[in-house]
$ cat entry36.cif   # mmCIF, N, CA and C atoms
data_entry
#
loop_
_atom_site.label_atom_id
_atom_site.label_comp_id
_atom_site.auth_asym_id
_atom_site.auth_seq_id
_atom_site.Cartn_x
_atom_site.Cartn_y
_atom_site.Cartn_z
N MET J 19 97.42 118.32 119.69
CA MET J 19 97.13 116.98 119.21
C MET J 19 97.84 116.80 117.87
N ASN J 20 98.56 115.68 117.73
CA ASN J 20 99.25 115.44 116.47
C ASN J 20 98.33 114.76 115.46
N GLU J 21 98.83 114.59 114.26
CA GLU J 21 98.03 114.04 113.16
C GLU J 21 97.51 112.63 113.47
N LEU J 22 98.35 111.79 114.05
CA LEU J 22 97.93 110.42 114.38
C LEU J 22 96.83 110.42 115.42
N GLU J 23 96.97 111.23 116.46
CA GLU J 23 95.93 111.30 117.50
C GLU J 23 94.61 111.78 116.92
N ALA J 24 94.66 112.77 116.04
CA ALA J 24 93.45 113.28 115.40
C ALA J 24 92.80 112.19 114.54
N ALA J 25 93.62 111.43 113.82
CA ALA J 25 93.10 110.34 112.99
C ALA J 25 92.47 109.25 113.85
N GLN J 26 93.09 108.92 114.98
CA GLN J 26 92.53 107.91 115.88
C GLN J 26 91.17 108.37 116.41
N GLN J 27 91.07 109.62 116.79
CA GLN J 27 89.80 110.15 117.29
C GLN J 27 88.73 110.11 116.21
N LYS J 28 89.12 110.42 114.99
CA LYS J 28 88.18 110.41 113.87
C LYS J 28 87.63 108.99 113.65
N LEU J 29 88.51 107.99 113.69
CA LEU J 29 88.06 106.61 113.51
C LEU J 29 87.20 106.15 114.68
N GLN J 30 87.56 106.54 115.90
CA GLN J 30 86.74 106.18 117.06
C GLN J 30 85.35 106.78 116.95
N ALA J 31 85.27 108.04 116.54
CA ALA J 31 83.98 108.72 116.41
C ALA J 31 83.14 108.10 115.30
N HIS J 32 83.80 107.67 114.23
CA HIS J 32 83.09 107.07 113.10
C HIS J 32 82.53 105.71 113.47
N GLY J 33 83.31 104.92 114.19
CA GLY J 33 82.92 103.56 114.53
C GLY J 33 83.33 102.58 113.46
N GLY J 34 83.40 101.31 113.81
CA GLY J 34 83.74 100.27 112.85
C GLY J 34 85.22 100.03 112.66
N TYR J 35 86.06 100.73 113.40
CA TYR J 35 87.50 100.57 113.24
C TYR J 35 88.20 100.12 114.52
N ASN J 36 87.45 99.61 115.48
CA ASN J 36 88.08 99.13 116.71
C ASN J 36 89.07 98.01 116.43
N TRP J 37 88.80 97.21 115.42
CA TRP J 37 89.71 96.13 115.05
C TRP J 37 91.10 96.67 114.77
N LEU J 38 91.17 97.84 114.16
CA LEU J 38 92.45 98.46 113.83
C LEU J 38 93.02 99.20 115.03
N LEU J 39 92.20 100.01 115.67
CA LEU J 39 92.67 100.82 116.79
C LEU J 39 93.18 99.97 117.95
N GLU J 40 92.58 98.82 118.15
CA GLU J 40 92.95 97.95 119.27
C GLU J 40 93.82 96.77 118.82
N GLY J 41 94.13 96.71 117.55
CA GLY J 41 94.84 95.58 116.99
C GLY J 41 96.35 95.67 117.06
N PRO J 42 97.00 94.71 116.39
CA PRO J 42 98.46 94.63 116.41
C PRO J 42 99.12 95.78 115.64
N ALA J 43 100.44 95.86 115.78
CA ALA J 43 101.22 96.94 115.16
C ALA J 43 101.30 96.82 113.64
N PHE J 44 101.17 95.61 113.10
CA PHE J 44 101.27 95.39 111.65
C PHE J 44 100.11 94.54 111.17
N TRP J 45 99.68 94.81 109.95
CA TRP J 45 98.54 94.12 109.35
C TRP J 45 98.91 93.64 107.95
N SER J 46 98.45 92.44 107.60
CA SER J 46 98.62 91.93 106.25
C SER J 46 97.42 92.35 105.40
N VAL J 47 97.57 92.24 104.10
CA VAL J 47 96.47 92.53 103.18
C VAL J 47 95.27 91.65 103.53
N LYS J 48 95.52 90.38 103.72
CA LYS J 48 94.44 89.43 104.02
C LYS J 48 93.71 89.81 105.31
N GLU J 49 94.44 90.19 106.33
CA GLU J 49 93.82 90.56 107.61
C GLU J 49 92.92 91.78 107.47
N VAL J 50 93.38 92.77 106.71
CA VAL J 50 92.58 93.98 106.50
C VAL J 50 91.31 93.63 105.74
N ILE J 51 91.42 92.81 104.71
CA ILE J 51 90.25 92.39 103.94
C ILE J 51 89.24 91.68 104.84
N GLU J 52 89.73 90.77 105.68
CA GLU J 52 88.85 90.02 106.58
C GLU J 52 88.14 90.93 107.57
N GLU J 53 88.86 91.87 108.14
CA GLU J 53 88.25 92.77 109.12
C GLU J 53 87.23 93.71 108.47
N LEU J 54 87.54 94.23 107.31
CA LEU J 54 86.59 95.09 106.62
C LEU J 54 85.33 94.31 106.25
N ALA J 55 85.49 93.07 105.82
CA ALA J 55 84.35 92.23 105.45
C ALA J 55 83.44 91.97 106.66
N LYS J 56 84.03 91.78 107.83
CA LYS J 56 83.24 91.58 109.05
C LYS J 56 82.33 92.77 109.32
N ASN J 57 82.75 93.93 108.88
CA ASN J 57 81.98 95.16 109.09
C ASN J 57 81.17 95.56 107.87
N GLY J 58 81.03 94.63 106.90
CA GLY J 58 80.18 94.87 105.75
C GLY J 58 80.81 95.62 104.59
N ARG J 59 82.11 95.80 104.63
CA ARG J 59 82.78 96.50 103.53
C ARG J 59 83.64 95.50 102.77
N ARG J 60 83.20 95.11 101.61
CA ARG J 60 83.91 94.14 100.79
C ARG J 60 84.89 94.85 99.86
N VAL J 61 86.15 94.43 99.94
CA VAL J 61 87.18 94.98 99.07
C VAL J 61 88.02 93.84 98.53
N SER J 62 88.61 94.05 97.38
CA SER J 62 89.41 93.01 96.73
C SER J 62 90.86 93.05 97.21
N VAL J 63 91.54 91.95 96.95
CA VAL J 63 92.97 91.87 97.25
C VAL J 63 93.72 92.96 96.49
N SER J 64 93.37 93.16 95.24
CA SER J 64 94.09 94.17 94.44
C SER J 64 93.88 95.58 94.99
N THR J 65 92.69 95.87 95.49
CA THR J 65 92.43 97.19 96.06
C THR J 65 93.27 97.42 97.31
N VAL J 66 93.25 96.46 98.23
CA VAL J 66 94.01 96.63 99.47
C VAL J 66 95.51 96.63 99.19
N THR J 67 95.95 95.81 98.23
CA THR J 67 97.36 95.82 97.85
C THR J 67 97.76 97.19 97.32
N ARG J 68 96.90 97.80 96.54
CA ARG J 68 97.16 99.15 96.02
C ARG J 68 97.25 100.16 97.17
N TRP J 69 96.35 100.03 98.15
CA TRP J 69 96.41 100.91 99.33
C TRP J 69 97.76 100.76 100.02
N PHE J 70 98.15 99.49 100.24
CA PHE J 70 99.40 99.22 100.96
C PHE J 70 100.60 99.79 100.22
N ARG J 71 100.61 99.69 98.92
CA ARG J 71 101.74 100.20 98.13
C ARG J 71 101.91 101.70 98.29
N GLY J 72 100.82 102.40 98.55
CA GLY J 72 100.88 103.85 98.71
C GLY J 72 101.26 104.32 100.11
N LEU J 73 101.36 103.38 101.03
CA LEU J 73 101.70 103.75 102.42
C LEU J 73 103.21 103.84 102.60
N PRO J 74 103.67 104.72 103.47
CA PRO J 74 105.12 104.94 103.59
C PRO J 74 105.92 103.81 104.23
N HIS J 75 105.28 102.97 105.04
CA HIS J 75 106.06 101.97 105.77
C HIS J 75 105.65 100.53 105.46
N THR J 76 105.12 100.29 104.27
CA THR J 76 104.74 98.94 103.88
C THR J 76 105.99 98.09 103.70
N GLN J 77 105.88 96.84 104.17
CA GLN J 77 106.99 95.91 104.06
C GLN J 77 106.54 94.66 103.33
N GLY J 78 107.50 93.93 102.79
CA GLY J 78 107.21 92.66 102.15
C GLY J 78 107.19 92.76 100.65
N THR J 79 106.76 91.68 100.05
CA THR J 79 106.71 91.60 98.60
C THR J 79 105.45 90.87 98.17
N LYS J 80 105.19 90.95 96.89
CA LYS J 80 104.09 90.18 96.33
C LYS J 80 104.41 88.71 96.50
N GLY J 81 103.39 87.91 96.59
CA GLY J 81 103.62 86.49 96.69
C GLY J 81 103.13 85.91 97.99
N ARG J 82 103.72 84.82 98.37
CA ARG J 82 103.23 84.06 99.51
C ARG J 82 103.15 84.86 100.81
N GLY J 83 104.21 85.57 101.13
CA GLY J 83 104.21 86.35 102.37
C GLY J 83 103.35 87.58 102.30
N GLY J 84 103.28 88.19 101.13
CA GLY J 84 102.47 89.38 100.93
C GLY J 84 103.02 90.60 101.62
N PHE J 85 102.23 91.65 101.58
CA PHE J 85 102.61 92.92 102.17
C PHE J 85 102.11 93.02 103.61
N SER J 86 102.82 93.79 104.41
CA SER J 86 102.30 94.17 105.72
C SER J 86 102.45 95.67 105.86
N ALA J 87 101.46 96.27 106.51
CA ALA J 87 101.46 97.72 106.70
C ALA J 87 101.37 98.02 108.19
N SER J 88 101.92 99.15 108.59
CA SER J 88 101.87 99.52 109.99
C SER J 88 100.47 99.99 110.37
N LYS J 89 100.12 99.72 111.59
CA LYS J 89 98.85 100.15 112.15
C LYS J 89 98.70 101.67 112.01
N ASN J 90 99.75 102.41 112.32
CA ASN J 90 99.67 103.87 112.27
C ASN J 90 99.42 104.37 110.85
N ASP J 91 100.08 103.76 109.87
CA ASP J 91 99.84 104.15 108.48
C ASP J 91 98.39 103.89 108.09
N LEU J 92 97.86 102.75 108.52
CA LEU J 92 96.48 102.40 108.19
C LEU J 92 95.49 103.34 108.89
N ILE J 93 95.76 103.71 110.12
CA ILE J 93 94.90 104.66 110.82
C ILE J 93 94.85 105.98 110.06
N LEU J 94 96.01 106.49 109.68
CA LEU J 94 96.06 107.75 108.92
C LEU J 94 95.35 107.61 107.57
N PHE J 95 95.56 106.47 106.90
CA PHE J 95 94.94 106.23 105.60
C PHE J 95 93.41 106.24 105.70
N PHE J 96 92.86 105.43 106.61
CA PHE J 96 91.40 105.34 106.71
C PHE J 96 90.78 106.65 107.17
N ALA J 97 91.41 107.35 108.07
CA ALA J 97 90.89 108.65 108.51
C ALA J 97 90.89 109.64 107.35
N ASP J 98 91.94 109.61 106.54
CA ASP J 98 92.02 110.50 105.39
C ASP J 98 90.94 110.18 104.36
N GLN J 99 90.58 108.92 104.22
CA GLN J 99 89.55 108.51 103.27
C GLN J 99 88.18 109.09 103.63
N MET J 100 88.00 109.44 104.89
CA MET J 100 86.72 109.99 105.34
C MET J 100 86.57 111.47 104.99
N GLY J 101 87.66 112.11 104.60
CA GLY J 101 87.59 113.51 104.25
C GLY J 101 87.48 114.41 105.48
N PRO J 102 87.23 115.68 105.26
CA PRO J 102 87.15 116.63 106.36
C PRO J 102 86.02 116.27 107.32
N ARG J 103 86.23 116.55 108.57
CA ARG J 103 85.25 116.18 109.60
C ARG J 103 83.94 116.92 109.40
N ASN J 104 84.01 118.17 109.03
CA ASN J 104 82.79 118.98 108.90
C ASN J 104 82.39 119.15 107.44
N ARG J 105 82.45 118.08 106.70
CA ARG J 105 82.08 118.14 105.28
C ARG J 105 80.61 118.50 105.15
N ARG J 106 80.31 119.42 104.25
CA ARG J 106 78.92 119.83 104.02
C ARG J 106 78.38 119.11 102.78
N ALA J 107 77.13 118.75 102.83
CA ALA J 107 76.48 118.13 101.68
C ALA J 107 76.34 119.18 100.59
N GLU J 108 76.65 118.79 99.38
CA GLU J 108 76.55 119.75 98.27
C GLU J 108 75.40 119.38 97.37
#

$ encode --input "entry36.cif" --output "structure tokens"
Amino acid sequence: MNELEAAQQKLQAHGGYNWLLEGPAFWSVKEVIEELAKNGRRVSVSTVTRWFRGLPHTQGTKGRGGFSASKNDLILFFADQMGPRNRRAE
């Protein structure tokens, strides 16, 4: 299993990311904010923009069009944010 497949499985097991897993190949900052808000996670434009800037395949510029990020980059990003699968409470 490659890294992307492992990340997809992690998001499926976690729940709340079907919008991304079943969604289009590219996402805008606004679209990600809207989808996260639907699931009860409120984030700012500046936070998501910062996430996008750190991704390897982000396209676009600041301003009217904004940034777009690839679905695969976002899958890897969100799975990584969850940390190790078998994290122990300390």

$ axis_aligned_box --input "entry36.cif" --around "region 21-35 of chain J" --padding-each-side "6 Å" --output "lines of an AutoDock Vina configuration file"
center_x = 90.7
center_y = 107.3
center_z = 115.1
size_x = 28.3
size_y = 26.6
size_z = 16.8

$ residues_around --input "entry36.cif" --residues "Lys48 (chain J)" --least-positions-apart "3" --cutoff "8 Å" --atoms "all atoms listed in the file" --output "PDB file with N, CA and C atoms, in the coordinates of the input"
ATOM      1  N   TRP J  45      99.680  94.810 109.950  1.00  0.00           N
ATOM      2  CA  TRP J  45      98.540  94.120 109.350  1.00  0.00           C
ATOM      3  C   TRP J  45      98.910  93.640 107.950  1.00  0.00           C
ATOM      4  N   ILE J  51      91.420  92.810 104.710  1.00  0.00           N
ATOM      5  CA  ILE J  51      90.250  92.390 103.940  1.00  0.00           C
ATOM      6  C   ILE J  51      89.240  91.680 104.840  1.00  0.00           C
ATOM      7  N   GLU J  52      89.730  90.770 105.680  1.00  0.00           N
ATOM      8  CA  GLU J  52      88.850  90.020 106.580  1.00  0.00           C
ATOM      9  C   GLU J  52      88.140  90.930 107.570  1.00  0.00           C
ATOM     10  N   GLU J  53      88.860  91.870 108.140  1.00  0.00           N
ATOM     11  CA  GLU J  53      88.250  92.770 109.120  1.00  0.00           C
ATOM     12  C   GLU J  53      87.230  93.710 108.470  1.00  0.00           C
ATOM     13  N   LEU J  54      87.540  94.230 107.310  1.00  0.00           N
ATOM     14  CA  LEU J  54      86.590  95.090 106.620  1.00  0.00           C
ATOM     15  C   LEU J  54      85.330  94.310 106.250  1.00  0.00           C
ATOM     16  N   VAL J  63      91.540  91.950  96.950  1.00  0.00           N
ATOM     17  CA  VAL J  63      92.970  91.870  97.250  1.00  0.00           C
ATOM     18  C   VAL J  63      93.720  92.960  96.490  1.00  0.00           C
ATOM     19  N   VAL J  66      93.250  96.460  98.230  1.00  0.00           N
ATOM     20  CA  VAL J  66      94.010  96.630  99.470  1.00  0.00           C
ATOM     21  C   VAL J  66      95.510  96.630  99.190  1.00  0.00           C
ATOM     22  N   THR J  67      95.950  95.810  98.230  1.00  0.00           N
ATOM     23  CA  THR J  67      97.360  95.820  97.850  1.00  0.00           C
ATOM     24  C   THR J  67      97.760  97.190  97.320  1.00  0.00           C
ATOM     25  N   GLY J  84     103.280  88.190 101.130  1.00  0.00           N
ATOM     26  CA  GLY J  84     102.470  89.380 100.930  1.00  0.00           C
ATOM     27  C   GLY J  84     103.020  90.600 101.620  1.00  0.00           C
ATOM     28  N   PHE J  85     102.230  91.650 101.580  1.00  0.00           N
ATOM     29  CA  PHE J  85     102.610  92.920 102.170  1.00  0.00           C
ATOM     30  C   PHE J  85     102.110  93.020 103.610  1.00  0.00           C
TER      31      PHE J  85
END

$ residues_around --input "entry36.cif" --residues "region 37-39 of chain J" --least-positions-apart "6" --cutoff "8 Å" --atoms "all atoms listed in the file" --output "MDAnalysis selection string"
chainID J and resid 26 29:30 53 89:90 92:93

$ resolve_selection --input "entry36.cif" --expression "the PyMOL selection byres (((chain J and resi 91 and name CA) around 12) and name CA)" --output "PyMOL selection string"
chain J and resi 21-22+25-26+38-39+43-45+69-77+86-90+92-98

$ closest_residue --input "entry36.cif" --among "J:Ser62, J:Asn57, J:Met100, J:Glu49" --to "Gly34 (chain J)" --atoms "only N, CA and C atoms"
J:Asn57

$ atom_distance --input "entry36.cif" --atom1 "CA of Thr65 (chain J)" --atom2 "CA of Asn20 (chain J)"
28.2 Å

$ select_by_dssp --input "entry36.cif" --residues "chain J" --states "helix (DSSP H, G or I)" --output "count of residues only"
46
